[in-house]
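Peer 1: Got a structure here, written out as structure tokens. Questions coming.
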Amino acid sequence: MQDATLAAPNQRAGRREWIGLAVLAVATLLVAFDIGVLFLALPHLSADLGATSSQQLWITDIYLFLLGGFVITMGTLGDRIGRRRLLLLGAGGFTLASVVSAYSTSPEMLIVARALLGVAAATLSPSTLALISNMFRDARQRGVAISLWATCMFGGGALGPVIGGVMLDHWWWGSVFLLAVPVMAVLLVAGPLLLPEYRNPETVGRIDLTSVALSLAAILPIIYGIKNLAVSDGDLPVALGAIVVGLAIAFLFVRRQLRLPNPLLELRLLRQPKIRVVLPAMLIGSGAFGGTSMFTAQYIQSVAGRSPGESGLWMSFTGLGIAAGTLLAPVLVRGLRPRSVIILGVAGSAIALLVLTQAGTSGWLIGVVASIAVVAFGIGPLFALGTGIVVGSAPPERAGSAASISETSNLFGTSLGLALLGSAGAAVYRGQMADADLGAYPRELADSARETIGGATVGGEPGLIALARDAFTNGLNVVAAIAAVLLVALIVALIVTFRGDGADGADAAEPADEAGSGAQAGADPVAAGAGQGATGSDDSPGAGHQPGTSPSR
């Protein structure tokens with residue numbers, strides 16, 4: 001394999017790179033799309049395959065489990081064997097697994113296929129982001145490219161139910177998986193022609209399999225435990241036990257990485273103050289957004305009574321909101337400091353969440369849709385600029401590892417949001433339904449209604465459905481309130497952290513040797529996410545600092 005030579009740090013990308021970005025963006029969109037595509041398809045495939053409630057959970061969760069479990073390994077593997085090579089291998093695997101998923105004949109077969117999809121997706125996410133850092137060496141162009149990538153990554157999850165709902169109105173549930181086949185075919189054909197190959201020339205020896213095992217043994221129990229928190233109170237000891245075991249193994253994993261000369265995960269990047277601030281912020285932001293958007297999606301279908309296709313169209317405004325927020329981020333930082341753009345965006349999201357706390361069961365469809373769209377718009381700059389800061393802080397040879405750190409933070413945030421906020425909303429629903437007098441309804445129907453709002457709609461009893469809708473809406477109100485508190489706390493933390501900093505509130509980068517970056521410190525990480533517009537000046541393409549020097553911003 002012929003490894004590409006990196007362009008000069010400020011060399012501008014041409015037409016080939018931008019076309020290549022379009023290919024990477026669509027692949028990224030599909031990875032995120034598959035996280036939420038089953039929200040509306042689950043009732044259809046469950047009826048067709050005869051899936052139990054436990055199997056339904058595994059069908060939806062196994063993809064995220066293995067995506068989160070393997071993303072660290074795949075990020076570093078791409079640095080070693082070649083990012084384009086890993087991307088193409090993952091695209092081929094994703095295509096095959098999508099076909100198997102579409103034509104699964106049993107719940108077990110679909111669970112296995114979804115697991116393979118998760119492993120393949122783990123090769124795609126860090127590879128696409130790492131290749132962008134190679135293709136776009138000019139900081140301003142890289143900021144725009146990462147914003148487009150973030151739009152696809154974070155908007156894809158919101159668009160999954162939208163596109164899935166429309167497809168379910170016309171075709172069978174397996175069609176939502178076949179959408180990946182033509183897209184990945186384009187990637188397999190165009191990738192070798194448009195995308196550069198790059199691997200870390202300093203990496204020697206095989207990948208540390210012990211580190212791989214430790215990373216999986218740490219991440220999988222943690223994600224499993226977090227997801228189980230949202231299932232039932234009876235699983236609480238199991239969930240907490242899994243989290244404790246995962247954290248203990250994570251401690252061993254961290255110790256090993258800090259001792260290895262070529263670690264699986266470059267944790268020395270965390271010595272940079274900016275990254276220590278950005279990663280928790282992205283985790284909290286993705287958690288608040290993910291948990292709330294799940295409830296608003298169910299509100300549209302179960303409380304507002306819209307069909308899957310109609311629900312998908314209403315939910316499209318969430319995707320449009322996050323797309324606008326991430327795409328506008330590089331533009332906004334030309335007149336505002338990056339920290340100001342992030343804080344103002346998060347503040348707007350918090351206000352929209354406060355509006356959601358007042359939502360009712362009728363006449364609130366437009367208000368709920370508009371509110372979650374504003375939440376998505378406000379959180380967009382945090383995702384776009386934060387991702388740019390993390391990836392831009394890494395040297396080129398460690399871009400895959402940095403991308404995996406960013407991806408892991410977002411995945412854990414989403415999992416936490418779905419589990420913790422989901423548990424809170426479910427507790428409110430079950431508590432209110434437990435107190436309701438359901439003696440007039442058949443016992444089996446009443447028991448089902450006490451568990452989920454979907455169970456309340458099965459019998460078609462108007463009175464029971466009204467009670468369930470009221471209880472679910474109260475759960476949404478509580479979830480929105482908790483998410484708003486989290487974002488307000490995040491705003492305070494960001495303001496306190498950035499107090500006394502330099503011109504844009506970003507800490508100076510750590511020395512190259514301290515950050516584990518070797519001789520190439522890379523371009524300004526803030527500019528990478530902000531498009532070099534931190535101070536509002538019209539910087540020329542060559543205005544970024546040179547490798548190995550400390551940025552002034």
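Residue numbering restarts at 1 for every chain of the structure tokens, chains are lettered A, B, ... in their displayed order, and ligands are numbered from 1 as they appear.
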Skip Ile465 (chain A) itself and residues of its chain fewer than 6 positions away, then list as JSON, numbers by chain all residues within 8 Å of it, counting only C-alpha atoms.
Peer 2: {"A": [453, 456, 457]}
Peer 1: Could those selected residues go to a file with N, CA and C atoms, as an mmCIF file, in the first residue's frame?
Peer 2:
data_model
loop_
_atom_site.group_PDB
_atom_site.id
_atom_site.type_symbol
_atom_site.label_atom_id
_atom_site.label_comp_id
_atom_site.auth_asym_id
_atom_site.auth_seq_id
_atom_site.Cartn_x
_atom_site.Cartn_y
_atom_site.Cartn_z
ATOM 1 N N ILE A 453 -47.268 3.659 26.920
ATOM 2 C CA ILE A 453 -48.395 4.312 26.258
ATOM 3 C C ILE A 453 -48.838 3.498 25.050
ATOM 4 N N ALA A 456 -51.391 1.100 26.053
ATOM 5 C CA ALA A 456 -52.699 1.691 26.334
ATOM 6 C C ALA A 456 -53.532 1.872 25.081
ATOM 7 N N THR A 457 -52.889 1.974 23.929
ATOM 8 C CA THR A 457 -53.621 2.242 22.694
ATOM 9 C C THR A 457 -54.112 0.963 22.012
#
Peer 1: Find the residues near region 218-220 of chain A: any atom within 12 Å, counting only C-alpha atoms, skip ones fewer than 5 places away on the same chain, and give them as JSON, numbers by chain.
Peer 2: {"A": [61, 62, 63, 64, 65, 66, 67, 68, 69, 70, 71, 72, 73, 211, 212, 213, 225, 226, 227, 239, 242, 243, 244, 245, 246, 247, 248, 249, 250, 251, 252, 253, 254, 408, 409, 411, 412, 415]}
Peer 1: From the options A:Gly290, A:Pro273, A:Gly386, A:Gly425, which residue's atoms come nearest to Pro330 (chain A), counting only C-alpha atoms?
Peer 2: A:Gly386
Peer 1: Using only C-alpha atoms for the distances, tell me which of A:Leu29, A:Ile405, A:Ala122, A:Ala113 is nearest to Leu89 (chain A).
Peer 2: A:Ala122
Peer 1: Mind checking which residues fall within 10 Å of Ala190 (chain A), counting only C-alpha atoms, ignoring those fewer than 6 positions away in the same chain, and posting them as a PDB file with N, CA and C atoms, in the first residue's frame?
Peer 2:
ATOM      1  N   ILE A  19     -15.425  16.690  -3.359  1.00  0.00           N
ATOM      2  CA  ILE A  19     -16.259  15.582  -3.830  1.00  0.00           C
ATOM      3  C   ILE A  19     -16.074  14.371  -2.911  1.00  0.00           C
ATOM      4  N   GLY A  20     -14.826  14.139  -2.504  1.00  0.00           N
ATOM      5  CA  GLY A  20     -14.563  13.059  -1.556  1.00  0.00           C
ATOM      6  C   GLY A  20     -15.293  13.265  -0.248  1.00  0.00           C
ATOM      7  N   VAL A  23     -18.839  12.059  -0.442  1.00  0.00           N
ATOM      8  CA  VAL A  23     -18.934  10.604  -0.296  1.00  0.00           C
ATOM      9  C   VAL A  23     -18.840  10.213   1.179  1.00  0.00           C
ATOM     10  N   MET A 184     -23.483   2.683  -0.097  1.00  0.00           N
ATOM     11  CA  MET A 184     -22.197   2.048   0.161  1.00  0.00           C
ATOM     12  C   MET A 184     -21.540   1.563  -1.129  1.00  0.00           C
TER      13      MET A 184
END
Peer 1: Neighbours of Leu476 (chain A) within 8 Å (only C-alpha atoms; same-chain residues fewer than 3 positions away dropped), as a short mmCIF file (atom, residue, chain, number, x, y, z; two decimals) with N, CA and C atoms, in the first residue's frame?
Peer 2:
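And here's out-v2.cif as it stands now:
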data_model
loop_
_atom_site.label_atom_id
_atom_site.label_comp_id
_atom_site.auth_asym_id
_atom_site.auth_seq_id
_atom_site.Cartn_x
_atom_site.Cartn_y
_atom_site.Cartn_z
N THR A 292 -34.34 13.84 25.27
CA THR A 292 -35.54 14.64 25.02
C THR A 292 -36.14 14.35 23.65
N PHE A 295 -38.41 11.33 23.54
CA PHE A 295 -39.75 11.55 24.07
C PHE A 295 -40.61 12.39 23.13
N THR A 296 -40.02 13.37 22.48
CA THR A 296 -40.82 14.18 21.55
C THR A 296 -41.24 13.35 20.34
N LEU A 356 -40.81 23.29 26.65
CA LEU A 356 -41.33 21.93 26.61
C LEU A 356 -41.90 21.48 27.95
N THR A 357 -41.43 22.07 29.04
CA THR A 357 -41.96 21.68 30.35
C THR A 357 -43.43 22.08 30.51
N GLY A 425 -38.66 9.70 32.70
CA GLY A 425 -39.96 9.86 32.06
C GLY A 425 -40.85 8.65 32.26
N PHE A 472 -48.04 10.38 29.85
CA PHE A 472 -46.83 10.47 29.03
C PHE A 472 -46.39 11.92 28.88
N THR A 473 -47.33 12.81 28.68
CA THR A 473 -46.98 14.23 28.53
C THR A 473 -46.35 14.77 29.80
N VAL A 479 -38.84 15.24 31.85
CA VAL A 479 -37.61 15.01 31.09
C VAL A 479 -37.04 16.33 30.58
N ALA A 480 -37.90 17.20 30.04
CA ALA A 480 -37.45 18.49 29.54
C ALA A 480 -36.87 19.34 30.67
#
